[in-house]
$ cat upload26.cif   # mmCIF, C-alpha atoms and all ligand atoms
data_target
loop_
_atom_site.label_atom_id
_atom_site.label_comp_id
_atom_site.auth_asym_id
_atom_site.auth_seq_id
_atom_site.Cartn_x
_atom_site.Cartn_y
_atom_site.Cartn_z
CA MET A 7 -33.97 -31.43 5.80
CA ASN A 8 -34.44 -34.47 8.00
CA GLU A 9 -37.57 -36.14 6.64
CA ASN A 10 -38.65 -36.98 10.19
CA ILE A 11 -38.49 -33.36 11.30
CA TYR A 12 -42.27 -33.03 11.60
CA ALA A 13 -42.59 -36.18 13.73
CA GLN A 14 -39.64 -35.08 15.88
CA CYS A 15 -41.17 -31.64 16.43
CA ASP A 16 -44.51 -33.30 17.20
CA ASP A 17 -42.79 -35.36 19.93
CA TYR A 18 -41.20 -32.16 21.24
CA ILE A 19 -44.58 -30.37 21.34
CA GLN A 20 -46.24 -33.42 22.88
CA ASP A 21 -43.61 -33.61 25.66
CA LEU A 22 -44.20 -29.94 26.47
CA PHE A 23 -47.96 -29.55 26.04
CA ALA A 24 -49.78 -32.81 25.38
CA GLU A 25 -48.49 -35.58 27.57
CA GLU A 26 -50.77 -38.64 27.59
CA ASP A 27 -51.56 -40.42 30.83
CA GLN A 28 -51.48 -44.23 30.84
CA SER A 29 -55.21 -44.51 30.12
CA LEU A 30 -54.85 -42.50 26.88
CA LYS A 31 -51.78 -44.54 25.86
CA ASP A 32 -53.80 -47.70 26.48
CA ILE A 33 -56.47 -46.57 23.97
CA ILE A 34 -53.85 -46.37 21.20
CA LYS A 35 -52.56 -49.87 22.16
CA GLN A 36 -56.12 -51.24 22.25
CA ILE A 37 -56.75 -50.00 18.67
CA ASP A 38 -53.85 -52.15 17.40
CA GLU A 39 -54.88 -55.12 19.56
CA ASN A 40 -58.34 -55.01 17.96
CA GLY A 41 -56.94 -54.74 14.43
CA LEU A 42 -58.55 -51.33 13.94
CA PRO A 43 -56.99 -48.44 11.97
CA GLN A 44 -55.00 -45.76 13.80
CA GLN A 45 -57.41 -43.03 12.75
CA SER A 46 -57.65 -41.14 16.04
CA VAL A 47 -56.34 -37.60 16.29
CA SER A 48 -52.77 -37.34 17.61
CA ALA A 49 -52.08 -36.22 21.17
CA VAL A 50 -50.98 -32.78 19.93
CA GLN A 51 -54.19 -32.50 17.89
CA GLY A 52 -56.18 -33.58 20.96
CA LYS A 53 -54.56 -30.72 22.85
CA LEU A 54 -55.41 -28.34 19.99
CA LEU A 55 -59.06 -29.36 20.38
CA GLN A 56 -58.78 -28.56 24.09
CA VAL A 57 -57.29 -25.14 23.37
CA MET A 58 -60.08 -24.33 20.91
CA ALA A 59 -62.73 -25.58 23.35
CA ALA A 60 -61.22 -23.29 25.98
CA ALA A 61 -61.31 -20.38 23.50
CA CYS A 62 -65.12 -20.57 23.38
CA ASN A 63 -65.54 -21.53 27.04
CA ALA A 64 -67.16 -24.77 25.91
CA LYS A 65 -69.63 -26.47 28.21
CA ARG A 66 -71.58 -28.33 25.54
CA ILE A 67 -69.51 -30.10 22.89
CA LEU A 68 -70.75 -32.10 19.89
CA GLU A 69 -68.51 -34.73 18.28
CA VAL A 70 -69.48 -36.47 15.03
CA GLY A 71 -67.48 -39.73 14.86
CA THR A 72 -66.39 -41.17 18.21
CA PHE A 73 -64.43 -44.22 17.02
CA VAL A 74 -63.02 -45.69 20.29
CA GLY A 75 -63.13 -42.35 22.06
CA TYR A 76 -59.55 -41.03 22.01
CA SER A 77 -60.53 -37.53 20.81
CA THR A 78 -63.65 -37.68 22.99
CA VAL A 79 -61.50 -38.11 26.11
CA TRP A 80 -59.36 -35.09 25.17
CA LEU A 81 -62.56 -33.07 24.64
CA ALA A 82 -64.14 -34.28 27.90
CA ARG A 83 -61.01 -33.28 29.79
CA SER A 84 -61.44 -29.69 28.56
CA LEU A 85 -64.86 -29.41 30.22
CA PRO A 86 -65.99 -27.96 33.53
CA ALA A 87 -67.59 -30.46 35.97
CA ASP A 88 -71.09 -29.74 34.64
CA GLY A 89 -70.11 -29.90 30.94
CA LYS A 90 -71.03 -32.56 28.39
CA VAL A 91 -69.68 -34.04 25.17
CA VAL A 92 -72.44 -35.49 22.99
CA SER A 93 -70.56 -37.93 20.73
CA LEU A 94 -72.12 -39.77 17.77
CA GLU A 95 -70.93 -43.15 16.47
CA LEU A 96 -72.42 -45.51 13.89
CA GLU A 97 -70.65 -48.77 14.80
CA GLU A 98 -71.73 -50.57 17.96
CA ASN A 99 -68.34 -52.34 18.27
CA HIS A 100 -66.53 -48.97 18.24
CA ALA A 101 -69.02 -47.58 20.76
CA ALA A 102 -68.52 -50.59 23.07
CA LEU A 103 -64.75 -50.01 23.15
CA ALA A 104 -65.34 -46.26 23.64
CA ARG A 105 -67.56 -46.89 26.68
CA LYS A 106 -64.81 -48.99 28.29
CA ASN A 107 -62.27 -46.26 27.54
CA PHE A 108 -64.44 -43.51 29.01
CA ALA A 109 -64.64 -45.54 32.22
CA SER A 110 -60.89 -46.19 32.44
CA CYS A 111 -60.22 -42.50 31.71
CA ASN A 112 -62.73 -41.47 34.43
CA VAL A 113 -64.79 -39.30 32.07
CA SER A 114 -67.97 -41.38 31.60
CA HIS A 115 -70.07 -38.83 33.51
CA LEU A 116 -69.01 -36.12 31.03
CA ILE A 117 -69.97 -38.02 27.86
CA ASP A 118 -73.33 -38.75 26.21
CA LEU A 119 -72.52 -41.38 23.57
CA ARG A 120 -75.27 -41.90 20.99
CA VAL A 121 -75.06 -44.84 18.61
CA GLY A 122 -76.54 -44.62 15.11
CA ASN A 123 -76.26 -42.75 11.83
CA ALA A 124 -75.02 -39.26 12.72
CA LEU A 125 -77.18 -37.55 10.09
CA LYS A 126 -80.33 -39.07 11.55
CA ILE A 127 -79.31 -38.29 15.13
CA LEU A 128 -78.51 -34.67 14.18
CA GLN A 129 -81.88 -34.34 12.44
CA LYS A 130 -83.61 -35.62 15.57
CA MET A 131 -81.62 -33.20 17.75
CA LYS A 132 -82.90 -30.30 15.65
CA GLU A 133 -86.49 -31.55 15.86
CA ASP A 134 -86.13 -31.89 19.64
CA ASN A 135 -84.81 -28.29 19.87
CA GLU A 136 -81.69 -29.38 21.77
CA ALA A 137 -79.66 -26.55 23.30
CA PRO A 138 -76.95 -25.16 21.00
CA PHE A 139 -73.38 -26.42 21.20
CA ASP A 140 -70.38 -24.23 22.02
CA PHE A 141 -67.90 -26.39 20.13
CA VAL A 142 -68.28 -29.02 17.40
CA PHE A 143 -65.73 -31.57 16.12
CA ILE A 144 -66.63 -33.25 12.81
CA ASP A 145 -64.58 -36.41 12.18
CA ALA A 146 -66.88 -39.18 10.88
CA ASP A 147 -67.14 -40.51 7.30
CA LYS A 148 -66.03 -37.92 4.75
CA PRO A 149 -68.68 -38.01 1.95
CA PRO A 150 -71.41 -36.25 4.02
CA TYR A 151 -69.10 -33.62 5.60
CA VAL A 152 -71.20 -30.81 4.05
CA GLU A 153 -74.37 -32.24 5.59
CA TYR A 154 -72.70 -32.69 8.99
CA PHE A 155 -71.50 -29.10 8.85
CA LEU A 156 -74.91 -27.67 7.89
CA ALA A 157 -76.57 -29.70 10.65
CA ALA A 158 -73.94 -28.50 13.14
CA LEU A 159 -74.62 -24.90 12.07
CA GLU A 160 -78.29 -25.40 12.92
CA LEU A 161 -77.22 -26.54 16.40
CA SER A 162 -74.86 -23.58 16.93
CA ARG A 163 -74.97 -20.05 18.35
CA PRO A 164 -72.86 -17.01 17.42
CA GLY A 165 -69.35 -17.81 18.63
CA THR A 166 -69.61 -21.58 18.26
CA ILE A 167 -66.39 -23.09 16.89
CA ILE A 168 -66.74 -25.92 14.35
CA ILE A 169 -63.59 -27.93 13.58
CA SER A 170 -63.55 -30.54 10.80
CA ASP A 171 -60.73 -33.09 10.54
CA ASN A 172 -58.89 -34.55 7.52
CA VAL A 173 -59.71 -31.92 4.92
CA ILE A 174 -56.32 -31.91 3.09
CA ARG A 175 -55.61 -35.67 2.81
CA GLU A 176 -51.89 -35.55 1.98
CA GLY A 177 -52.60 -32.93 -0.68
CA ASN A 178 -54.98 -35.20 -2.60
CA VAL A 179 -57.53 -32.37 -2.51
CA LEU A 180 -55.41 -30.54 -5.10
CA GLN A 181 -56.42 -32.89 -7.90
CA GLU A 182 -59.62 -34.24 -9.34
CA SER A 183 -60.16 -37.59 -7.67
CA THR A 184 -62.28 -40.73 -7.76
CA ASP A 185 -61.79 -41.30 -4.00
CA GLU A 186 -65.11 -40.59 -2.28
CA LYS A 187 -63.30 -39.29 0.82
CA VAL A 188 -61.33 -36.78 -1.24
CA ILE A 189 -64.45 -35.77 -3.19
CA GLY A 190 -66.32 -35.37 0.10
CA VAL A 191 -63.78 -33.02 1.64
CA GLN A 192 -63.29 -31.07 -1.62
CA ARG A 193 -67.03 -30.41 -1.68
CA PHE A 194 -66.89 -29.50 2.02
CA ASN A 195 -63.94 -27.11 1.68
CA LYS A 196 -65.66 -25.29 -1.21
CA THR A 197 -68.95 -25.05 0.67
CA LEU A 198 -67.21 -23.83 3.83
CA SER A 199 -65.28 -21.17 1.91
CA GLU A 200 -68.54 -19.79 0.48
CA ASN A 201 -70.63 -19.92 3.65
CA THR A 202 -71.38 -16.39 4.89
CA ARG A 203 -72.54 -17.48 8.36
CA VAL A 204 -69.00 -18.36 9.43
CA VAL A 205 -65.48 -16.98 9.32
CA ALA A 206 -63.30 -19.95 8.42
CA ASN A 207 -59.89 -21.20 7.39
CA ILE A 208 -57.91 -24.43 7.10
CA ILE A 209 -54.69 -25.20 8.94
CA GLN A 210 -52.48 -27.94 7.56
CA THR A 211 -51.52 -30.56 10.11
CA VAL A 212 -48.13 -32.27 10.04
CA GLY A 213 -46.48 -34.31 12.76
CA SER A 214 -46.77 -37.92 13.87
CA LYS A 215 -49.75 -38.48 11.54
CA THR A 216 -49.78 -38.11 7.75
CA HIS A 217 -50.01 -34.62 6.23
CA ASP A 218 -53.62 -33.47 6.54
CA GLY A 219 -55.63 -30.46 7.65
CA MET A 220 -58.28 -29.18 10.02
CA ALA A 221 -60.90 -26.65 8.97
CA ILE A 222 -61.75 -24.12 11.69
CA ALA A 223 -64.98 -22.14 11.46
CA VAL A 224 -66.42 -19.63 13.91
CA VAL A 225 -70.15 -18.89 13.68
CA LYS A 226 -70.86 -15.17 13.22
N1 LIG B 1 -62.81 -38.78 16.41
C1 LIG B 1 -62.11 -40.06 16.54
C2 LIG B 1 -61.89 -40.74 15.21
C3 LIG B 1 -63.15 -40.95 14.40
S1 LIG B 1 -62.90 -42.12 13.08
C4 LIG B 1 -60.76 -39.78 17.19
O1 LIG B 1 -60.06 -38.86 16.72
O2 LIG B 1 -60.39 -40.47 18.14
C5 LIG B 1 -64.45 -41.99 12.28
C6 LIG B 1 -65.60 -42.70 12.99
O3 LIG B 1 -66.81 -42.29 12.35
C7 LIG B 1 -65.55 -44.23 12.89
O4 LIG B 1 -65.65 -44.83 14.16
C8 LIG B 1 -66.79 -44.58 12.07
O5 LIG B 1 -67.43 -45.78 12.47
C9 LIG B 1 -67.70 -43.39 12.37
N2 LIG B 1 -68.75 -43.19 11.37
C10 LIG B 1 -68.72 -43.49 10.04
N3 LIG B 1 -69.88 -43.19 9.46
C11 LIG B 1 -70.69 -42.68 10.43
C12 LIG B 1 -72.04 -42.21 10.46
N4 LIG B 1 -72.78 -42.15 9.36
N5 LIG B 1 -72.53 -41.77 11.64
C13 LIG B 1 -71.77 -41.79 12.77
N6 LIG B 1 -70.50 -42.24 12.80
C14 LIG B 1 -69.96 -42.68 11.64
C1 LIG B 2 -59.37 -41.19 7.94
C2 LIG B 2 -60.31 -40.72 8.83
C3 LIG B 2 -59.92 -39.97 9.91
O1 LIG B 2 -60.82 -39.46 10.78
C4 LIG B 2 -58.57 -39.70 10.13
O2 LIG B 2 -58.24 -38.92 11.19
C5 LIG B 2 -57.62 -40.17 9.26
C6 LIG B 2 -58.02 -40.93 8.15
C7 LIG B 2 -59.82 -41.95 6.77
O3 LIG B 2 -61.00 -42.31 6.72
O4 LIG B 2 -59.01 -42.18 5.88
MG MG B 3 -59.95 -37.70 11.72
#

$ encode --input "upload26.cif" --output "structure tokens" --more "lines below"
Ligand code: SAH
Ligand code: DHB
Ligand code: MG
Amino acid sequence: MNENIYAQCDDYIQDLFAEEDQSLKDIIKQIDENGLPQQSVSAVQGKLLQVMAAACNAKRILEVGTFVGYSTVWLARSLPADGKVVSLELEENHAALARKNFASCNVSHLIDLRVGNALKILQKMKEDNEAPFDFVFIDADKPPYVEYFLAALELSRPGTIIISDNVIREGNVLQESTDEKVIGVQRFNKTLSENTRVVANIIQTVGSKTHDGMAIAVVK
């Protein structure tokens, strides 16, 4: 088998379903120009997020981990005109780039970017009795994935879809590990599998990015 078959098929899927406009392509270029890691979702994964947001008719979306906003733009572009993505980011320099990108992608009006520690912001959202979200994308630092998920559950309603990125990590979840990211997602996957408030599963993701996985949970 051609070892590039997954990347080739990803290009094929992208050409059919997930074409990027110039403003999305520019975000990927900007990440390199700023010496930042290419840790955004792929275009095909961005389109998967849109499909899942459509499945729950999402008007209010929560994203944990904005980075420079590539996934946020895909999510915003799934929304009706009166929808909102609330996106949480710790690093001010990432948030500054994200703001620029939201403007060049013409989605600023659809995004509420909040800068700070996501756990604290989520806690505050609960205290403030913010309206529940229809769709949640968890993609920030991996060690507190369980805590992000439990906080997201508290901000959900029956039918809310919660997707968590990078839960397979090239198969490193199969073995005991000293990597805090691997340990974080192992703990998350176990917790998710035992949680009775959701019906959940993991799909492996292959393509232009390294082998990984997304956990998909629907709140009962
Ligand atoms: N969702 C983005 C990629 C996110 S990368 C995309 O696909 O385009 C993970 C981001 O989480 C990084 O920008 C990192 O700064 C941020 N992050 C790390 N720890 C965080 C925390 N405690 N609270 C909020 N964001 C955090
Ligand atoms: C990592 C984080 C991500 O969100 C991602 O999509 C890929 C890798 C990481 O921290 O290794
Ligand atoms: Mg990710």

$ atom_distance --input "upload26.cif" --atom1 "atom CA of Asp171 of chain A" --atom2 "atom C5 of ligand LIG 2 (chain B)"
7.8 Å

$ residues_near_ligand --input "upload26.cif" --ligand "ligand LIG 2 (chain B)" --cutoff "9 Å" --atoms "only C-alpha atoms and all ligand atoms" --output "PyMOL selection string"
chain A and resi 43-48+71+73+144-148+171-172+175+187+215-216+218

$ residues_around --input "upload26.cif" --residues "Val50 of chain A" --least-positions-apart "5" --cutoff "8 Å" --atoms "all atoms listed in the file" --output "number ranges by chain"
A: 16, 19-20, 23-24

$ write_last_selection --input "upload26.cif" --atoms "C-alpha atoms" --output "PDB file, keeping the file's coordinate frame"
ATOM      1  CA  ASP A  16     -44.510 -33.300  17.200  1.00  0.00           C
ATOM      2  CA  ILE A  19     -44.580 -30.370  21.340  1.00  0.00           C
ATOM      3  CA  GLN A  20     -46.240 -33.420  22.880  1.00  0.00           C
ATOM      4  CA  PHE A  23     -47.960 -29.550  26.040  1.00  0.00           C
ATOM      5  CA  ALA A  24     -49.780 -32.810  25.380  1.00  0.00           C
TER       6      ALA A  24
END

$ closest_residue --input "upload26.cif" --among "A:Val70, A:Ala104, A:Val179, A:Leu156" --to "ligand MG 3 (chain B)" --atoms "all atoms listed in the file"
A:Val70

$ closest_residue --input "upload26.cif" --among "A:Val191, A:Leu198, A:Leu125, A:Val205" --to "ligand MG 3 (chain B)" --atoms "all atoms listed in the file"
A:Val191

$ atom_distance --input "upload26.cif" --atom1 "atom CA of Val142 of chain A" --atom2 "atom CA of Gly213 of chain A"
22.9 Å

$ atom_distance --input "upload26.cif" --atom1 "atom CA of Ala124 of chain A" --atom2 "atom CA of Glu39 of chain A"
26.5 Å

$ closest_residue --input "upload26.cif" --among "A:Ile174, A:Val91, A:Ala206, A:Cys62" --to "ligand MG 3 (chain B)" --atoms "only C-alpha atoms and all ligand atoms"
A:Ile174

$ closest_residue --input "upload26.cif" --among "A:Ile33, A:Leu96, A:Ala60, A:Ile222" --to "ligand LIG 1 (chain B)" --atoms "only C-alpha atoms and all ligand atoms"
A:Leu96
